[in-house]
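For reference, upload-v3.pdb is printed below; it contains PDB, C-alpha atoms.
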MODEL        1
ATOM      1  CA  MET A   1     184.784 137.306  84.707
ATOM      2  CA  PRO A   2     188.446 136.991  83.687
ATOM      3  CA  THR A   3     189.432 136.274  80.102
ATOM      4  CA  LEU A   4     192.301 134.095  78.950
ATOM      5  CA  ALA A   5     193.746 134.242  75.418
ATOM      6  CA  LEU A   6     195.899 131.343  74.244
ATOM      7  CA  ILE A   7     198.078 131.928  71.158
ATOM      8  CA  ARG A   8     200.163 129.214  69.550
ATOM      9  CA  HIS A   9     203.227 130.822  68.003
ATOM     10  CA  GLY A  10     203.167 131.619  64.302
ATOM     11  CA  GLN A  11     204.795 129.399  61.704
ATOM     12  CA  SER A  12     208.462 128.716  62.472
ATOM     13  CA  GLN A  13     211.218 127.811  60.034
ATOM     14  CA  TRP A  14     211.090 124.184  61.147
ATOM     15  CA  ASN A  15     207.290 124.137  60.885
ATOM     16  CA  LEU A  16     207.843 125.143  57.272
ATOM     17  CA  GLU A  17     210.474 122.423  56.819
ATOM     18  CA  ASN A  18     208.213 119.824  58.525
ATOM     19  CA  ARG A  19     210.785 118.982  61.200
ATOM     20  CA  PHE A  20     210.318 118.036  64.859
ATOM     21  CA  THR A  21     211.336 121.144  66.781
ATOM     22  CA  GLY A  22     210.623 120.761  70.487
ATOM     23  CA  TRP A  23     213.098 122.775  72.544
ATOM     24  CA  VAL A  24     215.284 123.866  69.598
ATOM     25  CA  ASP A  25     215.192 127.660  69.403
ATOM     26  CA  VAL A  26     213.912 128.231  65.876
ATOM     27  CA  ASP A  27     212.687 131.659  64.730
ATOM     28  CA  LEU A  28     209.484 132.636  62.936
ATOM     29  CA  THR A  29     209.158 132.737  59.166
ATOM     30  CA  ALA A  30     207.750 135.822  57.451
ATOM     31  CA  GLU A  31     204.407 133.989  57.415
ATOM     32  CA  GLY A  32     204.757 133.334  61.146
ATOM     33  CA  GLU A  33     205.366 137.014  61.794
ATOM     34  CA  ALA A  34     202.236 137.871  59.785
ATOM     35  CA  GLN A  35     200.238 135.323  61.795
ATOM     36  CA  ALA A  36     201.450 136.851  65.066
ATOM     37  CA  LYS A  37     200.430 140.330  63.926
ATOM     38  CA  GLU A  38     197.042 139.025  62.810
ATOM     39  CA  ALA A  39     196.584 137.412  66.227
ATOM     40  CA  GLY A  40     197.191 140.774  67.852
ATOM     41  CA  ALA A  41     194.750 142.518  65.517
ATOM     42  CA  LEU A  42     192.104 139.916  66.362
ATOM     43  CA  LEU A  43     192.676 140.361  70.082
ATOM     44  CA  LYS A  44     192.390 144.135  69.718
ATOM     45  CA  ALA A  45     189.129 143.715  67.811
ATOM     46  CA  SER A  46     187.782 141.467  70.588
ATOM     47  CA  GLY A  47     187.546 144.508  72.846
ATOM     48  CA  VAL A  48     189.115 142.733  75.825
ATOM     49  CA  ALA A  49     191.547 144.851  77.840
ATOM     50  CA  PHE A  50     194.459 142.575  78.716
ATOM     51  CA  ASP A  51     196.665 143.134  81.741
ATOM     52  CA  LYS A  52     199.629 140.769  81.390
ATOM     53  CA  ALA A  53     201.232 138.267  79.025
ATOM     54  CA  TYR A  54     203.112 135.028  79.589
ATOM     55  CA  THR A  55     205.359 133.174  77.183
ATOM     56  CA  SER A  56     208.092 130.544  77.061
ATOM     57  CA  VAL A  57     211.838 131.154  76.773
ATOM     58  CA  GLN A  58     211.812 130.131  73.096
ATOM     59  CA  THR A  59     212.246 132.811  70.446
ATOM     60  CA  ARG A  60     209.299 131.830  68.253
ATOM     61  CA  ALA A  61     206.862 132.194  71.157
ATOM     62  CA  ILE A  62     208.493 135.339  72.543
ATOM     63  CA  ARG A  63     208.406 137.087  69.166
ATOM     64  CA  THR A  64     204.797 135.980  68.593
ATOM     65  CA  CYS A  65     203.886 137.497  71.935
ATOM     66  CA  LEU A  66     205.690 140.781  71.274
ATOM     67  CA  LEU A  67     204.387 141.145  67.715
ATOM     68  CA  ALA A  68     200.839 140.438  68.888
ATOM     69  CA  LEU A  69     201.066 142.984  71.714
ATOM     70  CA  GLU A  70     202.450 145.574  69.292
ATOM     71  CA  ALA A  71     199.554 144.946  66.895
ATOM     72  CA  MET A  72     197.176 145.357  69.837
ATOM     73  CA  GLY A  73     198.727 148.735  70.601
ATOM     74  CA  GLU A  74     199.770 147.366  73.994
ATOM     75  CA  ALA A  75     203.464 146.648  73.682
ATOM     76  CA  TRP A  76     203.823 148.127  77.175
ATOM     77  CA  LEU A  77     202.122 145.190  78.887
ATOM     78  CA  PRO A  78     204.354 143.188  81.241
ATOM     79  CA  VAL A  79     205.609 139.949  79.675
ATOM     80  CA  ILE A  80     206.739 137.070  81.897
ATOM     81  CA  LYS A  81     208.918 134.335  80.346
ATOM     82  CA  ASP A  82     209.327 130.861  81.810
ATOM     83  CA  TRP A  83     210.783 127.598  80.473
ATOM     84  CA  ARG A  84     207.823 125.644  81.845
ATOM     85  CA  LEU A  85     205.723 127.039  78.975
ATOM     86  CA  ASN A  86     208.188 125.589  76.434
ATOM     87  CA  GLU A  87     207.102 123.172  73.736
ATOM     88  CA  ARG A  88     207.346 119.505  74.708
ATOM     89  CA  HIS A  89     210.774 117.920  74.322
ATOM     90  CA  TYR A  90     210.740 115.592  71.304
ATOM     91  CA  GLY A  91     213.727 113.544  72.425
ATOM     92  CA  ALA A  92     215.506 111.614  69.673
ATOM     93  CA  LEU A  93     212.997 112.893  67.103
ATOM     94  CA  THR A  94     214.317 116.446  67.476
ATOM     95  CA  GLY A  95     215.436 117.837  64.126
ATOM     96  CA  LEU A  96     214.087 114.931  62.064
ATOM     97  CA  ASP A  97     211.861 115.345  59.026
ATOM     98  CA  LYS A  98     208.351 114.226  59.988
ATOM     99  CA  ALA A  99     207.551 112.547  56.671
ATOM    100  CA  GLU A 100     210.840 110.643  56.640
ATOM    101  CA  THR A 101     210.303 109.573  60.257
ATOM    102  CA  ALA A 102     206.833 108.264  59.374
ATOM    103  CA  ALA A 103     208.268 106.341  56.418
ATOM    104  CA  LYS A 104     210.861 104.738  58.701
ATOM    105  CA  HIS A 105     208.749 103.946  61.773
ATOM    106  CA  GLY A 106     205.218 103.924  60.328
ATOM    107  CA  GLU A 107     202.594 106.652  60.442
ATOM    108  CA  GLU A 108     200.751 105.048  63.354
ATOM    109  CA  GLN A 109     203.833 104.957  65.583
ATOM    110  CA  VAL A 110     204.693 108.569  64.760
ATOM    111  CA  LYS A 111     201.097 109.604  65.480
ATOM    112  CA  ILE A 112     201.383 107.939  68.892
ATOM    113  CA  TRP A 113     204.638 109.787  69.625
ATOM    114  CA  ARG A 114     203.182 113.097  68.430
ATOM    115  CA  ARG A 115     199.620 113.056  69.673
ATOM    116  CA  SER A 116     199.110 110.490  72.467
ATOM    117  CA  TYR A 117     198.921 111.537  76.102
ATOM    118  CA  ASP A 118     201.525 109.403  77.820
ATOM    119  CA  VAL A 119     203.851 107.813  75.222
ATOM    120  CA  PRO A 120     207.076 109.817  74.791
ATOM    121  CA  PRO A 121     209.452 109.548  71.822
ATOM    122  CA  PRO A 122     212.773 107.773  72.399
ATOM    123  CA  PRO A 123     215.113 109.865  74.585
ATOM    124  CA  MET A 124     217.618 112.269  73.078
ATOM    125  CA  PRO A 125     221.152 110.774  73.052
ATOM    126  CA  GLU A 126     223.653 112.571  75.271
ATOM    127  CA  ASP A 127     225.828 113.348  72.239
ATOM    128  CA  SER A 128     222.952 114.853  70.223
ATOM    129  CA  PRO A 129     223.851 118.077  68.370
ATOM    130  CA  TYR A 130     220.613 119.454  69.806
ATOM    131  CA  SER A 131     221.569 118.876  73.444
ATOM    132  CA  PHE A 132     220.509 121.744  75.721
ATOM    133  CA  ALA A 133     223.186 121.124  78.344
ATOM    134  CA  GLY A 134     225.013 124.386  78.922
ATOM    135  CA  ASP A 135     222.161 126.580  77.640
ATOM    136  CA  ARG A 136     221.970 129.475  80.130
ATOM    137  CA  ARG A 137     218.173 129.493  79.937
ATOM    138  CA  TYR A 138     218.107 126.178  81.760
ATOM    139  CA  GLN A 139     220.621 126.714  84.547
ATOM    140  CA  GLY A 140     219.434 124.736  87.566
ATOM    141  CA  VAL A 141     216.775 122.878  85.539
ATOM    142  CA  ALA A 142     216.716 119.074  85.514
ATOM    143  CA  LEU A 143     216.672 118.740  81.736
ATOM    144  CA  PRO A 144     214.362 116.089  80.271
ATOM    145  CA  ALA A 145     215.656 113.718  77.588
ATOM    146  CA  THR A 146     212.158 113.376  76.128
ATOM    147  CA  GLU A 147     208.573 114.282  77.086
ATOM    148  CA  SER A 148     205.049 113.058  76.502
ATOM    149  CA  LEU A 149     202.079 115.385  76.803
ATOM    150  CA  LYS A 150     201.594 113.928  80.294
ATOM    151  CA  THR A 151     205.048 114.966  81.467
ATOM    152  CA  THR A 152     204.651 118.319  79.703
ATOM    153  CA  LEU A 153     201.449 118.864  81.698
ATOM    154  CA  GLU A 154     203.299 117.906  84.876
ATOM    155  CA  ARG A 155     205.664 120.872  84.424
ATOM    156  CA  VAL A 156     203.080 123.296  83.002
ATOM    157  CA  LEU A 157     200.387 122.750  85.645
ATOM    158  CA  PRO A 158     202.376 123.853  88.718
ATOM    159  CA  TYR A 159     203.427 127.027  86.907
ATOM    160  CA  TRP A 160     199.833 127.600  85.834
ATOM    161  CA  SER A 161     198.602 127.225  89.413
ATOM    162  CA  GLU A 162     201.376 129.276  91.014
ATOM    163  CA  THR A 163     201.300 132.245  88.638
ATOM    164  CA  ILE A 164     198.851 132.465  85.733
ATOM    165  CA  ALA A 165     195.823 131.169  87.633
ATOM    166  CA  LYS A 166     196.484 133.634  90.455
ATOM    167  CA  ASP A 167     196.402 136.543  88.010
ATOM    168  CA  LEU A 168     193.137 135.285  86.529
ATOM    169  CA  ALA A 169     191.621 134.713  89.976
ATOM    170  CA  ALA A 170     192.472 138.336  90.806
ATOM    171  CA  GLY A 171     190.389 139.431  87.815
ATOM    172  CA  ARG A 172     193.253 140.115  85.410
ATOM    173  CA  ASN A 173     192.899 139.280  81.714
ATOM    174  CA  VAL A 174     195.878 137.278  80.502
ATOM    175  CA  VAL A 175     197.514 136.371  77.180
ATOM    176  CA  VAL A 176     199.582 133.172  77.004
ATOM    177  CA  ALA A 177     201.698 132.888  73.844
ATOM    178  CA  ALA A 178     203.289 129.463  73.786
ATOM    179  CA  HIS A 179     203.406 126.196  71.849
ATOM    180  CA  GLY A 180     201.096 123.518  70.534
ATOM    181  CA  ASN A 181     201.717 121.058  73.344
ATOM    182  CA  SER A 182     202.124 123.399  76.304
ATOM    183  CA  LEU A 183     198.813 124.980  75.243
ATOM    184  CA  ARG A 184     197.211 121.541  74.765
ATOM    185  CA  ALA A 185     198.230 120.827  78.356
ATOM    186  CA  ILE A 186     196.455 123.984  79.563
ATOM    187  CA  VAL A 187     193.365 123.155  77.481
ATOM    188  CA  LYS A 188     193.320 119.597  78.846
ATOM    189  CA  HIS A 189     193.392 120.935  82.386
ATOM    190  CA  LEU A 190     190.825 123.703  81.896
ATOM    191  CA  PHE A 191     188.299 121.647  79.933
ATOM    192  CA  GLY A 192     188.874 118.332  81.694
ATOM    193  CA  VAL A 193     189.706 116.561  78.429
ATOM    194  CA  ALA A 194     190.049 112.797  78.888
ATOM    195  CA  ASP A 195     193.445 111.224  78.303
ATOM    196  CA  ASP A 196     192.232 109.307  75.255
ATOM    197  CA  ALA A 197     190.449 112.342  73.797
ATOM    198  CA  ILE A 198     193.358 114.792  73.902
ATOM    199  CA  VAL A 199     194.789 113.159  70.760
ATOM    200  CA  GLY A 200     192.038 114.931  68.806
ATOM    201  CA  VAL A 201     192.758 118.399  70.191
ATOM    202  CA  GLU A 202     194.823 120.607  67.881
ATOM    203  CA  ILE A 203     195.791 124.252  68.472
ATOM    204  CA  PRO A 204     196.177 126.209  65.198
ATOM    205  CA  THR A 205     199.105 128.592  64.772
ATOM    206  CA  GLY A 206     198.499 132.289  65.241
ATOM    207  CA  ASN A 207     194.757 131.988  65.913
ATOM    208  CA  PRO A 208     193.867 133.199  69.434
ATOM    209  CA  LEU A 209     191.608 130.981  71.523
ATOM    210  CA  LEU A 210     189.591 133.340  73.721
ATOM    211  CA  ILE A 211     188.268 131.703  76.903
ATOM    212  CA  THR A 212     185.915 133.321  79.405
ATOM    213  CA  LEU A 213     186.285 131.920  82.906
ATOM    214  CA  ASP A 214     184.062 132.000  85.970
ATOM    215  CA  GLU A 215     185.213 132.811  89.495
ATOM    216  CA  THR A 216     186.489 129.237  89.944
ATOM    217  CA  LEU A 217     188.421 129.485  86.633
ATOM    218  CA  LYS A 218     186.112 127.074  84.843
ATOM    219  CA  PRO A 219     185.463 127.950  81.181
ATOM    220  CA  THR A 220     182.024 129.384  80.462
ATOM    221  CA  ALA A 221     182.667 130.196  76.790
ATOM    222  CA  ALA A 222     185.451 129.705  74.270
ATOM    223  CA  ARG A 223     186.000 130.612  70.640
ATOM    224  CA  TYR A 224     188.750 130.993  68.077
ATOM    225  CA  LEU A 225     188.917 134.571  66.840
ATOM    226  CA  ASN A 226     189.623 133.559  63.236
ATOM    227  CA  ALA A 227     186.648 131.306  62.516
ATOM    228  CA  ALA A 228     188.015 130.336  59.095
ATOM    229  CA  ARG A 229     191.036 128.661  60.725
ATOM    230  CA  ALA A 230     189.330 127.318  63.841
ATOM    231  CA  GLN A 231     189.726 123.812  65.218
ATOM    232  CA  PRO A 232     187.032 121.880  67.125
ATOM    233  CA  LEU A 233     186.848 122.825  70.788
ATOM    234  CA  PRO A 234     186.187 120.643  73.810
ATOM    235  CA  PRO A 235     182.715 121.335  75.230
ATOM    236  CA  THR A 236     182.620 123.849  78.071
ATOM    237  CA  PRO A 237     181.619 122.275  81.408
TER     238      PRO A 237
ENDMDL
END
As structure tokens:
Amino acid sequence: MPTLALIRHGQSQWNLENRFTGWVDVDLTAEGEAQAKEAGALLKASGVAFDKAYTSVQTRAIRTCLLALEAMGEAWLPVIKDWRLNERHYGALTGLDKAETAAKHGEEQVKIWRRSYDVPPPPMPEDSPYSFAGDRRYQGVALPATESLKTTLERVLPYWSETIAKDLAAGRNVVVAAHGNSLRAIVKHLFGVADDAIVGVEIPTGNPLLITLDETLKPTAARYLNAARAQPLPPTP
């Protein structure tokens, strides 16, 4: 019975500043580093022997992964990085203060942009200071100008099927350290969450979600390791 651990990166500097981050490469705060180390301690206490870790190509997720593995005493585990596990692209919202954006456009509209399944924010202008054109991480990648959760899932799911799911199907226990929306995409797929219900699914920072899977990779059990900071889970099939 393979086990999957999902970790949303610890608090980043732009989390602290309440800004839309998306693909911008923001580092962890001191609190985020502490959350990553706590996540590793919780995973060690779970007693599960992990075999491999996956993360995005964004610093806050990479450092969360490495700090967690170090706290587990398993810094030697192979770590695979891929852009398809990146946070969703927030388009023209990138870099904006969330409260100010809500005041300008209305809280309901911002909630739709942030939490809905298939409504993306306005696209990022070509002359945006946050443009990712020329970033070596994305050579050969058709860069999005914005993403919804739906289009995020459309890039995450093939990578999941081609790589992570194959490791799990082979009986390996896997850690995925990524972002709120790339992890919501995985949770939506695994638990069969309806499009209109995914708006209510939140992944807390630095709190591992431990999922036991059957031989068909369907969840049989799931729990957050820090119960005090847990979020409601979709029911297991």
Report the residues retrieved by the PyMOL selection byres ((chain A and resi 200) around 10) from the displayed file, expressed as an MDAnalysis selection string.
chainID A and resid 115:116 196:199 201:202 231:234
The selected residues should be written to file as a PDB file, in the frame of the given file (atoms: C-alpha atoms).
ATOM      1  CA  ARG A 115     199.620 113.056  69.673  1.00  0.00           C
ATOM      2  CA  SER A 116     199.110 110.490  72.467  1.00  0.00           C
ATOM      3  CA  ASP A 196     192.232 109.307  75.255  1.00  0.00           C
ATOM      4  CA  ALA A 197     190.449 112.342  73.797  1.00  0.00           C
ATOM      5  CA  ILE A 198     193.358 114.792  73.902  1.00  0.00           C
ATOM      6  CA  VAL A 199     194.789 113.159  70.760  1.00  0.00           C
ATOM      7  CA  VAL A 201     192.758 118.399  70.191  1.00  0.00           C
ATOM      8  CA  GLU A 202     194.823 120.607  67.881  1.00  0.00           C
ATOM      9  CA  GLN A 231     189.726 123.812  65.218  1.00  0.00           C
ATOM     10  CA  PRO A 232     187.032 121.880  67.125  1.00  0.00           C
ATOM     11  CA  LEU A 233     186.848 122.825  70.788  1.00  0.00           C
ATOM     12  CA  PRO A 234     186.187 120.643  73.810  1.00  0.00           C
TER      13      PRO A 234
END
Could you tell me which residues the PyMOL selection byres ((chain A and resi 17-27) around 9) returns for this structure, as a PyMOL selection string?
chain A and resi 11-16+28-29+32+57-61+63+86-91+93-99+130-132
Restricting the output to C-alpha atoms, write the selected residues as a compact mmCIF listing (two decimals), in the frame of the given file.
# COMPACT_ATOMS: atom_id res chain seq x y z
CA GLN A 11 204.80 129.40 61.70
CA SER A 12 208.46 128.72 62.47
CA GLN A 13 211.22 127.81 60.03
CA TRP A 14 211.09 124.18 61.15
CA ASN A 15 207.29 124.14 60.88
CA LEU A 16 207.84 125.14 57.27
CA LEU A 28 209.48 132.64 62.94
CA THR A 29 209.16 132.74 59.17
CA GLY A 32 204.76 133.33 61.15
CA VAL A 57 211.84 131.15 76.77
CA GLN A 58 211.81 130.13 73.10
CA THR A 59 212.25 132.81 70.45
CA ARG A 60 209.30 131.83 68.25
CA ALA A 61 206.86 132.19 71.16
CA ARG A 63 208.41 137.09 69.17
CA ASN A 86 208.19 125.59 76.43
CA GLU A 87 207.10 123.17 73.74
CA ARG A 88 207.35 119.50 74.71
CA HIS A 89 210.77 117.92 74.32
CA TYR A 90 210.74 115.59 71.30
CA GLY A 91 213.73 113.54 72.42
CA LEU A 93 213.00 112.89 67.10
CA THR A 94 214.32 116.45 67.48
CA GLY A 95 215.44 117.84 64.13
CA LEU A 96 214.09 114.93 62.06
CA ASP A 97 211.86 115.34 59.03
CA LYS A 98 208.35 114.23 59.99
CA ALA A 99 207.55 112.55 56.67
CA TYR A 130 220.61 119.45 69.81
CA SER A 131 221.57 118.88 73.44
CA PHE A 132 220.51 121.74 75.72
Using atom CA of A:Ala221 and atom CA of A:Trp83 as the two end points, give the distance in Å to one decimal.
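Answer for the atom CA of A:Ala221 to atom CA of A:Trp83 separation: 28.5 Å.
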List the spatial neighbours of A:Arg84 as a PyMOL selection string - criterion: any atom at most 9 Å away, only C-alpha atoms, same-chain residues fewer than 3 positions off excluded.
chain A and resi 56-57+81+87+152+155-159+182
Exactly which residues make up the result of the PyMOL selection byres ((chain A and resi 204-207) around 8) on this file, given as a tab-separated table (two decimals) with C-alpha atoms, in the frame of the given file?
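Okay, result_34.tsv is ready:
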chain	number	residue	atom	x	y	z
A	7	ILE	CA	198.08	131.93	71.16
A	8	ARG	CA	200.16	129.21	69.55
A	9	HIS	CA	203.23	130.82	68.00
A	10	GLY	CA	203.17	131.62	64.30
A	11	GLN	CA	204.80	129.40	61.70
A	32	GLY	CA	204.76	133.33	61.15
A	35	GLN	CA	200.24	135.32	61.80
A	36	ALA	CA	201.45	136.85	65.07
A	38	GLU	CA	197.04	139.02	62.81
A	39	ALA	CA	196.58	137.41	66.23
A	180	GLY	CA	201.10	123.52	70.53
A	202	GLU	CA	194.82	120.61	67.88
A	203	ILE	CA	195.79	124.25	68.47
A	208	PRO	CA	193.87	133.20	69.43
A	209	LEU	CA	191.61	130.98	71.52
A	224	TYR	CA	188.75	130.99	68.08
A	225	LEU	CA	188.92	134.57	66.84
A	226	ASN	CA	189.62	133.56	63.24
A	229	ARG	CA	191.04	128.66	60.72
A	230	ALA	CA	189.33	127.32	63.84
A	231	GLN	CA	189.73	123.81	65.22
Identify the residues around (196.9, 114.7, 78.4) within a radius of 6 Å, measuring from only C-alpha atoms in the coordinates stated by the file, and give them as a list in words.
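With a cut-off of 6 Å, the residues come to Tyr117, Leu149, Lys150, Asp195 and Ile198 of chain A.
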So the first atom is atom CA of A:Ala92 and the second is atom CA of A:His179; what is the distance between them in Å, to one decimal place?
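Going from atom CA of A:Ala92 over to atom CA of A:His179 covers 19.1 Å.
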